[in-house]
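This is entry-v8.cif (mmCIF, C-alpha atoms).
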data_model
loop_
_atom_site.label_atom_id
_atom_site.label_comp_id
_atom_site.auth_asym_id
_atom_site.auth_seq_id
_atom_site.Cartn_x
_atom_site.Cartn_y
_atom_site.Cartn_z
CA MET A 1 0.00 0.00 0.00
CA ARG A 2 2.83 2.38 0.86
CA ARG A 3 4.60 1.57 -2.41
CA VAL A 4 1.46 2.37 -4.44
CA THR A 5 1.01 5.68 -2.62
CA ARG A 6 4.68 6.52 -3.11
CA ARG A 7 4.46 5.77 -6.83
CA LYS A 8 1.40 7.97 -7.20
CA ALA A 9 3.13 10.80 -5.40
CA LEU A 10 6.24 10.37 -7.54
CA SER A 11 4.21 10.36 -10.76
CA LEU A 12 2.38 13.49 -9.62
CA VAL A 13 5.68 15.25 -8.93
CA LYS A 14 6.96 14.22 -12.37
CA GLU A 15 3.87 15.71 -14.01
CA LEU A 16 4.63 19.03 -12.28
CA ASP A 17 8.17 19.12 -13.69
CA ALA A 18 8.64 22.52 -15.34
CA PHE A 19 12.02 21.52 -16.75
CA PRO A 20 11.36 18.54 -19.03
CA LYS A 21 14.43 16.68 -20.20
CA VAL A 22 15.00 16.33 -23.91
CA SER A 23 16.92 13.40 -25.21
CA GLU A 24 20.22 14.27 -26.82
CA SER A 25 19.20 12.43 -29.97
CA TYR A 26 16.51 15.09 -30.54
CA VAL A 27 18.87 18.02 -29.99
CA GLU A 28 20.43 19.57 -33.05
CA THR A 29 23.55 21.71 -32.64
CA SER A 30 24.99 24.20 -35.10
CA ALA A 31 27.96 26.49 -35.47
CA ALA A 32 25.70 29.54 -35.33
CA GLY A 33 24.13 28.38 -32.09
CA GLY A 34 27.58 27.76 -30.60
CA THR A 35 28.72 31.25 -31.58
CA VAL A 36 25.65 32.80 -30.00
CA SER A 37 26.25 30.77 -26.83
CA LEU A 38 29.83 32.01 -26.59
CA LEU A 39 28.66 35.60 -27.00
CA ALA A 40 26.00 35.04 -24.34
CA PHE A 41 28.56 33.63 -21.88
CA ALA A 42 30.89 36.56 -22.53
CA ALA A 43 28.05 39.08 -21.98
CA ILE A 44 27.02 37.32 -18.76
CA ALA A 45 30.60 37.38 -17.44
CA LEU A 46 31.02 41.08 -18.26
CA LEU A 47 27.68 42.14 -16.78
CA ALA A 48 28.26 40.00 -13.68
CA LEU A 49 31.64 41.68 -13.14
CA LEU A 50 30.13 45.14 -13.49
CA GLU A 51 27.33 44.18 -11.11
CA PHE A 52 29.87 42.97 -8.57
CA LEU A 53 31.67 46.30 -8.78
CA VAL A 54 28.36 48.06 -8.12
CA TYR A 55 27.76 45.74 -5.17
CA THR A 56 31.12 46.56 -3.61
CA ASP A 57 30.59 50.31 -4.09
CA THR A 58 28.61 52.55 -1.75
CA TRP A 59 26.65 55.77 -2.09
CA MET A 60 25.65 58.58 0.23
CA LYS A 61 22.03 59.06 1.27
CA TYR A 62 20.83 62.50 2.36
CA GLU A 63 17.93 62.92 4.77
CA TYR A 64 16.52 66.18 6.09
CA GLU A 65 14.77 66.88 9.37
CA VAL A 66 14.18 69.75 11.76
CA ASP A 67 17.04 70.41 14.16
CA LYS A 68 15.51 70.24 17.64
CA ASP A 69 18.75 70.74 19.55
CA PHE A 70 19.02 74.44 20.36
CA SER A 71 20.48 74.21 23.86
CA SER A 72 23.87 72.77 22.96
CA LYS A 73 26.93 74.84 22.15
CA LEU A 74 28.43 75.22 18.69
CA ARG A 75 32.18 75.03 18.23
CA ILE A 76 34.00 77.37 15.85
CA ASN A 77 37.48 76.36 14.68
CA ILE A 78 39.46 79.25 13.26
CA ASP A 79 42.95 79.80 11.90
CA VAL A 80 43.38 83.26 10.35
CA THR A 81 46.56 85.21 9.61
CA VAL A 82 46.25 89.03 9.50
CA ALA A 83 48.98 91.29 8.11
CA MET A 84 49.14 93.35 11.33
CA LYS A 85 51.00 92.99 14.59
CA CYS A 86 49.28 91.01 17.34
CA GLN A 87 49.19 93.97 19.74
CA HIS A 88 47.21 95.97 17.17
CA VAL A 89 44.36 93.53 16.43
CA GLY A 90 41.75 91.71 18.45
CA ALA A 91 39.09 89.08 17.76
CA ASP A 92 35.82 88.49 19.55
CA ILE A 93 32.31 87.15 18.92
CA LEU A 94 29.00 88.90 19.50
CA ASP A 95 25.82 86.90 18.97
CA LEU A 96 22.28 88.02 18.21
CA ALA A 97 21.37 88.16 21.91
CA GLU A 98 24.09 90.79 22.41
CA THR A 99 26.11 88.21 24.31
CA MET A 100 29.85 88.69 23.99
CA ILE A 101 31.61 85.34 23.77
CA THR A 102 34.94 85.25 25.49
CA SER A 103 37.84 84.76 23.12
CA SER A 104 40.04 83.04 25.67
CA GLY A 105 40.21 79.98 23.41
CA LEU A 106 41.99 81.96 20.70
CA GLN A 107 45.75 82.34 20.58
CA TYR A 108 47.75 85.18 19.03
CA GLU A 109 51.03 84.17 17.43
CA PRO A 110 53.45 86.51 15.59
CA VAL A 111 54.25 85.09 12.15
CA VAL A 112 55.41 86.06 8.67
CA PHE A 113 52.54 86.68 6.27
CA ASP A 114 54.34 85.47 3.13
CA LEU A 115 54.33 81.73 2.57
CA THR A 116 57.29 79.49 1.81
CA PRO A 117 57.35 77.68 -1.57
CA GLN A 118 56.11 74.51 0.11
CA GLN A 119 53.28 76.34 1.84
CA ARG A 120 52.37 78.17 -1.37
CA LEU A 121 52.17 74.83 -3.20
CA TRP A 122 49.87 73.53 -0.47
CA GLN A 123 47.65 76.59 -0.84
CA ARG A 124 47.43 76.26 -4.63
CA THR A 125 46.50 72.59 -4.28
CA LEU A 126 43.83 73.45 -1.74
CA LEU A 127 42.37 76.17 -3.97
CA LEU A 128 42.33 73.73 -6.89
CA ILE A 129 40.35 71.28 -4.77
CA GLN A 130 37.99 74.09 -3.81
CA ASN A 131 37.34 74.93 -7.46
CA ARG A 132 36.70 71.30 -8.31
CA LEU A 133 34.29 70.97 -5.39
CA ARG A 134 32.30 73.94 -6.69
CA GLU A 135 32.08 72.38 -10.15
CA GLU A 136 31.70 68.72 -9.21
CA HIS A 137 29.45 68.36 -6.16
CA ALA A 138 29.82 64.57 -6.23
CA LEU A 139 33.42 64.95 -5.06
CA GLN A 140 32.12 65.80 -1.60
CA GLU A 141 30.81 62.23 -1.31
CA VAL A 142 34.28 60.92 -2.10
CA LEU A 143 35.68 63.06 0.71
CA TYR A 144 33.05 61.70 3.09
CA LYS A 145 33.94 58.10 2.22
CA THR A 146 37.70 58.63 2.67
CA LEU A 147 37.72 60.88 5.73
CA LEU A 148 40.36 59.04 7.71
CA GLN A 149 42.56 58.48 4.64
CA GLY A 150 42.66 62.07 3.40
CA ALA A 151 45.75 64.22 3.49
CA PRO A 152 45.97 66.76 6.32
CA THR A 153 44.25 70.03 5.42
CA ALA A 154 46.22 72.17 7.88
CA LEU A 155 48.91 74.55 6.63
CA PRO A 156 52.31 72.79 6.88
CA PRO A 157 54.77 74.50 9.24
CA ARG A 158 57.70 76.53 7.97
CA GLU A 159 60.78 74.41 7.45
CA ASP A 160 63.35 77.13 8.15
CA SER A 161 63.33 79.89 10.75
CA ALA A 162 61.89 83.05 9.26
CA ALA A 163 64.58 85.62 8.49
CA GLU A 164 61.97 88.31 7.84
CA PRO A 165 60.47 90.26 10.73
CA GLN A 166 57.27 88.75 12.11
CA THR A 167 54.93 91.65 11.44
CA SER A 168 51.75 89.57 11.04
CA CYS A 169 49.52 87.84 13.55
CA ARG A 170 48.09 84.34 13.40
CA ILE A 171 44.84 83.98 15.35
CA HIS A 172 43.94 80.34 15.86
CA GLY A 173 42.01 78.12 18.23
CA HIS A 174 38.38 77.27 18.91
CA VAL A 175 35.48 78.91 20.73
CA TYR A 176 32.11 77.54 21.89
CA ILE A 177 29.12 79.74 21.04
CA ASN A 178 25.34 79.65 21.28
CA LYS A 179 23.41 78.23 18.34
CA VAL A 180 22.09 81.62 17.27
CA ALA A 181 23.21 84.12 14.68
CA GLY A 182 26.37 85.99 15.53
CA ASN A 183 29.35 87.93 14.28
CA LEU A 184 33.00 86.92 14.56
CA HIS A 185 35.09 89.96 13.80
CA VAL A 186 38.77 90.81 13.73
CA THR A 187 39.44 94.53 13.88
CA VAL A 188 41.84 97.09 15.29
CA GLY A 189 42.45 97.05 19.07
CA LYS A 190 41.86 94.56 21.84
CA PRO A 191 38.21 93.91 22.74
CA ILE A 192 36.80 94.96 26.09
CA HIS A 193 33.40 94.18 27.57
CA HIS A 194 31.17 96.67 29.34
CA PRO A 195 27.45 96.75 30.30
CA GLN A 196 26.48 98.76 27.21
CA GLY A 197 28.04 96.25 24.81
CA HIS A 198 31.64 95.90 23.79
CA ALA A 199 34.38 98.00 22.22
CA HIS A 200 37.91 97.79 20.85
CA ILE A 201 40.72 99.98 22.17
CA ALA A 202 42.15 101.43 18.95
CA ALA A 203 43.23 104.87 20.11
CA PHE A 204 46.92 103.97 20.27
CA VAL A 205 47.09 102.34 16.83
CA GLY A 206 48.19 104.57 13.96
CA HIS A 207 45.89 104.73 10.96
CA ASP A 208 48.78 104.11 8.60
CA THR A 209 49.39 100.69 10.21
CA TYR A 210 45.94 99.37 9.21
CA ASN A 211 46.30 96.44 6.88
CA PHE A 212 43.61 93.79 6.87
CA SER A 213 45.13 91.64 4.19
CA HIS A 214 44.48 88.16 5.54
CA ARG A 215 44.57 84.47 4.82
CA ILE A 216 42.04 81.97 6.18
CA ASP A 217 43.91 78.71 6.54
CA HIS A 218 40.98 77.01 8.22
CA LEU A 219 37.44 77.85 9.31
CA SER A 220 34.92 75.21 10.32
CA PHE A 221 32.05 74.57 12.68
CA GLY A 222 31.58 71.56 14.91
CA GLU A 223 33.86 68.59 15.38
CA LEU A 224 37.13 68.54 13.49
CA LEU A 225 37.21 65.81 10.85
CA PRO A 226 40.41 64.86 8.99
CA GLY A 227 40.32 65.15 5.21
CA VAL A 228 37.31 67.49 4.96
CA VAL A 229 37.85 70.65 2.89
CA HIS A 230 35.70 73.61 3.97
CA PRO A 231 34.63 76.48 1.67
CA LEU A 232 36.94 79.15 3.13
CA ASP A 233 40.06 77.02 3.62
CA GLY A 234 42.98 78.57 1.75
CA THR A 235 41.21 81.88 1.06
CA GLU A 236 43.65 84.80 0.76
CA LYS A 237 42.73 88.49 0.43
CA VAL A 238 45.35 91.21 -0.18
CA THR A 239 44.45 94.90 -0.12
CA LEU A 240 46.38 98.11 -0.76
CA HIS A 241 43.96 100.29 1.21
CA ASN A 242 44.18 100.92 4.93
CA ASN A 243 40.43 101.20 5.43
CA GLN A 244 39.15 97.95 4.01
CA MET A 245 36.20 95.90 5.21
CA PHE A 246 35.93 92.20 4.42
CA GLN A 247 32.61 90.50 5.09
CA TYR A 248 31.74 86.80 4.98
CA PHE A 249 28.08 85.80 5.30
CA ILE A 250 27.81 82.18 6.37
CA THR A 251 24.83 79.84 6.72
CA VAL A 252 25.66 76.86 8.93
CA VAL A 253 23.78 73.56 8.45
CA PRO A 254 24.05 70.88 11.17
CA THR A 255 25.14 67.59 9.66
CA ARG A 256 25.25 64.08 11.06
CA LEU A 257 27.67 61.83 9.25
CA HIS A 258 27.49 58.04 9.38
CA THR A 259 29.93 56.07 7.24
CA SER A 260 31.68 52.74 7.53
CA ARG A 261 34.72 54.55 8.92
CA ILE A 262 33.34 57.20 11.22
CA SER A 263 30.20 58.62 12.84
CA ALA A 264 30.31 62.27 13.83
CA ASP A 265 28.25 65.41 14.29
CA THR A 266 29.67 68.16 12.15
CA HIS A 267 28.43 71.22 10.25
CA GLN A 268 28.47 72.26 6.62
CA PHE A 269 28.18 75.86 5.55
CA SER A 270 27.81 78.05 2.51
CA VAL A 271 29.44 81.47 2.26
CA THR A 272 28.97 84.74 0.40
CA GLU A 273 31.88 87.20 0.28
CA ARG A 274 31.83 90.99 0.08
CA GLU A 275 34.50 93.63 0.44
CA ARG A 276 34.58 97.41 0.17
CA VAL A 277 36.75 100.39 1.01
CA ILE A 278 35.63 102.51 3.96
CA ASP A 279 35.36 106.12 2.76
CA HIS A 280 33.11 108.30 4.86
CA ALA A 281 33.38 111.18 2.40
CA ALA A 282 31.98 109.00 -0.37
CA GLY A 283 29.20 107.61 1.84
CA SER A 284 30.82 104.20 2.46
CA HIS A 285 30.58 103.95 6.22
CA GLY A 286 31.68 101.17 8.51
CA VAL A 287 34.62 99.80 10.46
CA SER A 288 37.76 98.39 8.93
CA GLY A 289 38.30 94.74 9.68
CA ILE A 290 37.29 91.17 8.96
CA PHE A 291 33.67 90.32 9.78
CA ILE A 292 32.37 86.75 9.64
CA LYS A 293 28.60 86.83 10.10
CA TYR A 294 27.08 83.40 10.65
CA ASP A 295 23.59 82.03 11.10
CA THR A 296 22.45 78.48 11.88
CA SER A 297 19.87 76.67 9.80
CA SER A 298 16.79 75.10 11.38
CA LEU A 299 17.20 71.99 9.21
CA MET A 300 19.61 69.18 9.93
CA VAL A 301 21.10 66.94 7.26
CA THR A 302 21.86 63.28 7.95
CA VAL A 303 24.42 61.80 5.54
CA SER A 304 24.68 58.02 5.72
CA GLU A 305 26.67 55.60 3.60
CA GLN A 306 24.46 53.01 1.92
CA HIS A 307 25.42 49.55 0.64
CA MET A 308 23.53 47.18 -1.65
CA PRO A 309 22.20 44.20 0.35
CA LEU A 310 23.30 40.69 -0.59
CA TRP A 311 19.82 39.49 -1.54
CA GLN A 312 19.41 42.35 -3.99
CA PHE A 313 22.78 41.56 -5.57
CA LEU A 314 21.77 37.88 -6.02
CA VAL A 315 18.40 38.84 -7.52
CA ARG A 316 20.04 41.22 -9.97
CA LEU A 317 22.63 38.57 -10.84
CA CYS A 318 19.91 36.01 -11.58
CA GLY A 319 18.13 38.60 -13.68
CA ILE A 320 21.29 39.16 -15.70
CA VAL A 321 21.83 35.44 -16.38
CA GLY A 322 18.20 34.72 -17.27
CA GLY A 323 17.78 37.91 -19.27
CA VAL A 324 20.88 37.36 -21.38
CA PHE A 325 19.94 33.75 -22.14
CA SER A 326 16.35 34.67 -23.05
CA THR A 327 17.36 37.66 -25.16
CA THR A 328 20.08 35.84 -27.08
CA GLY A 329 17.72 32.89 -27.64
CA MET A 330 15.03 35.16 -29.07
CA LEU A 331 17.54 37.04 -31.22
CA HIS A 332 18.99 33.80 -32.51
CA GLY A 333 15.54 32.48 -33.41
CA LEU A 334 14.52 35.79 -35.02
CA VAL A 335 17.69 36.00 -37.11
CA GLY A 336 17.28 32.37 -38.15
CA PHE A 337 13.68 33.00 -39.18
CA PHE A 338 14.59 35.98 -41.35
CA PHE A 339 17.51 34.01 -42.79
CA ASP A 340 15.17 31.19 -43.76
CA VAL A 341 12.72 33.66 -45.31
CA VAL A 342 15.45 35.26 -47.42
CA CYS A 343 16.88 31.93 -48.49
CA CYS A 344 13.42 30.65 -49.42
CA ARG A 345 12.63 33.83 -51.39
CA PHE A 346 15.81 33.77 -53.41
CA LYS A 347 16.17 29.98 -53.37
CA LEU A 348 19.49 29.86 -51.64
CA GLY A 349 21.15 27.22 -49.50
CA VAL A 350 18.94 24.26 -48.68
CA TYR A 351 16.10 25.86 -50.66
CA ARG A 352 18.05 25.68 -53.91
CA PRO A 353 16.19 23.36 -56.38
CA ARG A 354 17.96 20.14 -57.13
CA GLU A 355 19.14 19.64 -60.74
CA GLU A 356 17.80 16.42 -62.34
CA ALA A 357 20.46 14.14 -63.85
CA PRO A 358 20.20 13.83 -67.70
CA GLN A 359 18.82 10.50 -68.93
CA GLN A 360 21.21 8.52 -71.11
CA ASN A 361 19.51 6.43 -73.90
CA HIS A 362 21.64 3.55 -75.16
CA ASN A 363 20.44 2.39 -78.61
CA HIS A 364 21.57 -1.19 -79.17
CA PRO A 365 21.56 -2.28 -82.84
CA GLN A 366 19.05 -5.06 -83.44
CA THR A 367 20.39 -8.08 -85.20
CA PRO A 368 18.09 -9.41 -87.81
CA PRO A 369 16.71 -12.84 -87.11
CA GLU A 370 18.29 -15.56 -88.95
#

Entire entry expressed as structure tokens:
Amino acid sequence: MRRVTRRKALSLVKELDAFPKVSESYVETSAAGGTVSLLAFAAIALLALLEFLVYTDTWMKYEYEVDKDFSSKLRINIDVTVAMKCQHVGADILDLAETMITSSGLQYEPVVFDLTPQQRLWQRTLLLIQNRLREEHALQEVLYKTLLQGAPTALPPREDSAAEPQTSCRIHGHVYINKVAGNLHVTVGKPIHHPQGHAHIAAFVGHDTYNFSHRIDHLSFGELLPGVVHPLDGTEKVTLHNNQMFQYFITVVPTRLHTSRISADTHQFSVTERERVIDHAAGSHGVSGIFIKYDTSSLMVTVSEQHMPLWQFLVRLCGIVGGVFSTTGMLHGLVGFFFDVVCCRFKLGVYRPREEAPQQNHNHPQTPPE
């Protein structure tokens, strides 16, 4: 009884076979079919290799949401060189709430404004990268993927001791500020704080010593990340006027970065530059100096590195194999059909009519009967 049931089940399974086997005696092979098969195998190998490269690659996904964190502090990293002596300039920050941020985190270091050949080469390379980033926005994703492998973006130190007098001042360090709009400015005189606001003591600085030619070696917001190039890095402004105002209007966007190498909270920013000569007689009023006005965006960007899952890669690979075999099979059948039609129309190949062999009549002379 069990054997009968097993045979019935086996016969039922055989009837459901979607891949019937064809005896080799009924299979006809041809040179054309073999050529098409070789081309199909080559196409499958090439497409499978390209699909594997896509599988091993990653891409960046951008998501936007409202930034709900307004109580935390925002870090500003600055490294600016001004073509004036350190005792003649001062830097401070005043936010929208008229709160003066202490600049105790900034250091003043006497330096030489002119760069060495090695430093100048570094600056030209950095400016070239900046130009490419403005033209090719996809390069920013490459920088995100290779953060820990990027070259250092800080200005290399001078190799030899400067023989020229150190008449410039390098202001560098970091300061924590409130996440509201503010103004970071570098102008004449040291800043002082008083109940009515703040001021700079500039009475003892001669007007002829004003020179706000400057170089921004680095300016960023948030956590320092190696290999990231910011919009103002390497910017250099040289002026021949004593009363010159340089303004940078910055919009800061909080950014969360999640890659296979690092996870960090940083900030991106866009900048608009403006400069003008202060001439009260011509109606151009203001204060000489460098003014960096920043504002924080209410949106936060989350940048995460995405990878193709394994199941999707296998499905796409099966689609490639089946699609190539089906397409080449249909093309081979279609070409063979048109070939047969042409040969039949013009009676070529196997459709050529066979020539009948000429009949040979042998006439034997009849011998008369005796």

Have a look at atom CA of Val80 of chain A and atom CA of His218 of chain A and let me know their distance in Å, one decimal.
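The value is 7.0 Å.
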
Select all residues near (44.0, 99.9, 19.3) (cut-off 8 Å, inclusive, file coordinates), counting only C-alpha atoms, and output them as number ranges by chain.
A: 87-89, 188-190, 200-205

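Using all atoms listed in the file, the residues found no farther than 10 Å from segment 66-75 of chain A, other than those of its own chain fewer than 5 positions away, are His174, Val175, Tyr176, Ile177, Asn178, Lys179, Val180, Ser220, Phe221, Gly222, Glu223, Leu224, Val253, Pro254, Thr255, Thr266, His267, Thr296, Ser297, Ser298, Leu299, Met300 and Val301 of chain A.
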
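Here atom CA of Val36 of chain A and atom CA of Gly319 of chain A stand 18.9 Å from one another.
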
Could you tell me which of A:Gly289, A:Thr235, A:Leu225, A:Thr125 comes closest to Asp265 of chain A if we count all atoms listed in the file?
A:Leu225

Using Å and a single decimal, report how far atom CA of Leu39 of chain A sits from atom CA of Leu334 of chain A.
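Spanning atom CA of Leu334 of chain A to atom CA of Leu39 of chain A is a straight-line distance of 16.3 Å.
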
Taking the file above as input, evaluate the PyMOL selection byres ((chain A and resi 241) around 10) and report the hits as a list in words.
Asp208, Tyr210, Asn211, Phe212, Ser213, Val238, Thr239, Leu240, Asn242, Asn243, Gln244, Met245, Arg276, Val277 and Ile278 of chain A

Counting only C-alpha atoms, which residue out of A:Lys85, A:Leu219, A:Leu317, A:Leu128 sits closest to Leu46 of chain A?
A:Leu317

With the PyMOL selection byres ((chain A and resi 216) around 9) as the selection, what would be picked from this file? Answer as a PDB file with C-alpha atoms, keeping the file's coordinate frame, please.
ATOM      1  CA  ILE A  78      39.460  79.250  13.260  1.00  0.00           C
ATOM      2  CA  ASP A  79      42.950  79.800  11.900  1.00  0.00           C
ATOM      3  CA  VAL A  80      43.380  83.260  10.350  1.00  0.00           C
ATOM      4  CA  THR A  81      46.560  85.210   9.610  1.00  0.00           C
ATOM      5  CA  VAL A  82      46.250  89.030   9.500  1.00  0.00           C
ATOM      6  CA  HIS A 214      44.480  88.160   5.540  1.00  0.00           C
ATOM      7  CA  ARG A 215      44.570  84.470   4.820  1.00  0.00           C
ATOM      8  CA  ASP A 217      43.910  78.710   6.540  1.00  0.00           C
ATOM      9  CA  HIS A 218      40.980  77.010   8.220  1.00  0.00           C
ATOM     10  CA  LEU A 219      37.440  77.850   9.310  1.00  0.00           C
ATOM     11  CA  LEU A 232      36.940  79.150   3.130  1.00  0.00           C
ATOM     12  CA  ASP A 233      40.060  77.020   3.620  1.00  0.00           C
ATOM     13  CA  GLY A 234      42.980  78.570   1.750  1.00  0.00           C
ATOM     14  CA  THR A 235      41.210  81.880   1.060  1.00  0.00           C
ATOM     15  CA  GLU A 236      43.650  84.800   0.760  1.00  0.00           C
ATOM     16  CA  LYS A 237      42.730  88.490   0.430  1.00  0.00           C
TER      17      LYS A 237
END

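Considering the residues A:Gly227, A:Gly329, A:Gly182, A:Gly336 and counting all atoms listed in the file, Asp95 of chain A has its shortest atom-to-atom contact with A:Gly182.
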
What lies within 9 Å of segment 111-120 of chain A using all atoms listed in the file, ignoring chain neighbours under 4 positions off, as an mmCIF file with C-alpha atoms, in the coordinates of the input?
data_model
loop_
_atom_site.group_PDB
_atom_site.id
_atom_site.type_symbol
_atom_site.label_atom_id
_atom_site.label_comp_id
_atom_site.auth_asym_id
_atom_site.auth_seq_id
_atom_site.Cartn_x
_atom_site.Cartn_y
_atom_site.Cartn_z
ATOM 1 C CA THR A 81 46.560 85.210 9.610
ATOM 2 C CA VAL A 82 46.250 89.030 9.500
ATOM 3 C CA ALA A 83 48.980 91.290 8.110
ATOM 4 C CA LYS A 85 51.000 92.990 14.590
ATOM 5 C CA ARG A 124 47.430 76.260 -4.630
ATOM 6 C CA THR A 125 46.500 72.590 -4.280
ATOM 7 C CA LEU A 155 48.910 74.550 6.630
ATOM 8 C CA PRO A 156 52.310 72.790 6.880
ATOM 9 C CA PRO A 157 54.770 74.500 9.240
ATOM 10 C CA ARG A 158 57.700 76.530 7.970
ATOM 11 C CA GLU A 159 60.780 74.410 7.450
ATOM 12 C CA ALA A 162 61.890 83.050 9.260
ATOM 13 C CA GLU A 164 61.970 88.310 7.840
ATOM 14 C CA PRO A 165 60.470 90.260 10.730
ATOM 15 C CA GLN A 166 57.270 88.750 12.110
ATOM 16 C CA THR A 167 54.930 91.650 11.440
ATOM 17 C CA SER A 168 51.750 89.570 11.040
ATOM 18 C CA CYS A 169 49.520 87.840 13.550
ATOM 19 C CA ARG A 170 48.090 84.340 13.400
ATOM 20 C CA HIS A 214 44.480 88.160 5.540
ATOM 21 C CA ARG A 215 44.570 84.470 4.820
#

Starting from 5 Å padding per side, set up an axis-aligned box that covers all listed atoms of segment 199-218 of chain A and hand over centre and edge lengths in Å, one decimal, as AutoDock Vina command-line options.
--center_x 41.9 --center_y 90.9 --center_z 13.2 --size_x 25.0 --size_y 37.9 --size_z 28.0

Restricting the calculation to only C-alpha atoms: of A:Asp295, A:Phe313, A:Ser288, A:Gln268, which residue gets closest to Leu50 of chain A?
A:Phe313

From the set A:Val342, A:Met308, A:Val287, A:Met84, which residue has the shortest atom-to-atom contact distance to Val54 of chain A, counting all atoms listed in the file?
A:Met308

Near-Arg274 of chain A list (9 Å; only C-alpha atoms; drop same-chain fewer than 4 positions) as a list in words:
Met245, Phe246, Gln247, Tyr248 and Phe249 of chain A

Evaluate the PyMOL selection byres ((chain A and resi 271) around 8) and report residues as a list in words:
Pro231, Leu232, Tyr248, Phe249, Ile250, Thr251, Phe269, Ser270, Thr272 and Glu273 of chain A

Leu106 of chain A: which residues within 9 Å, counting all atoms listed in the file, same-chain residues fewer than 2 positions away excluded, as a PyMOL selection string?
chain A and resi 78+91+103-104+108+171-175
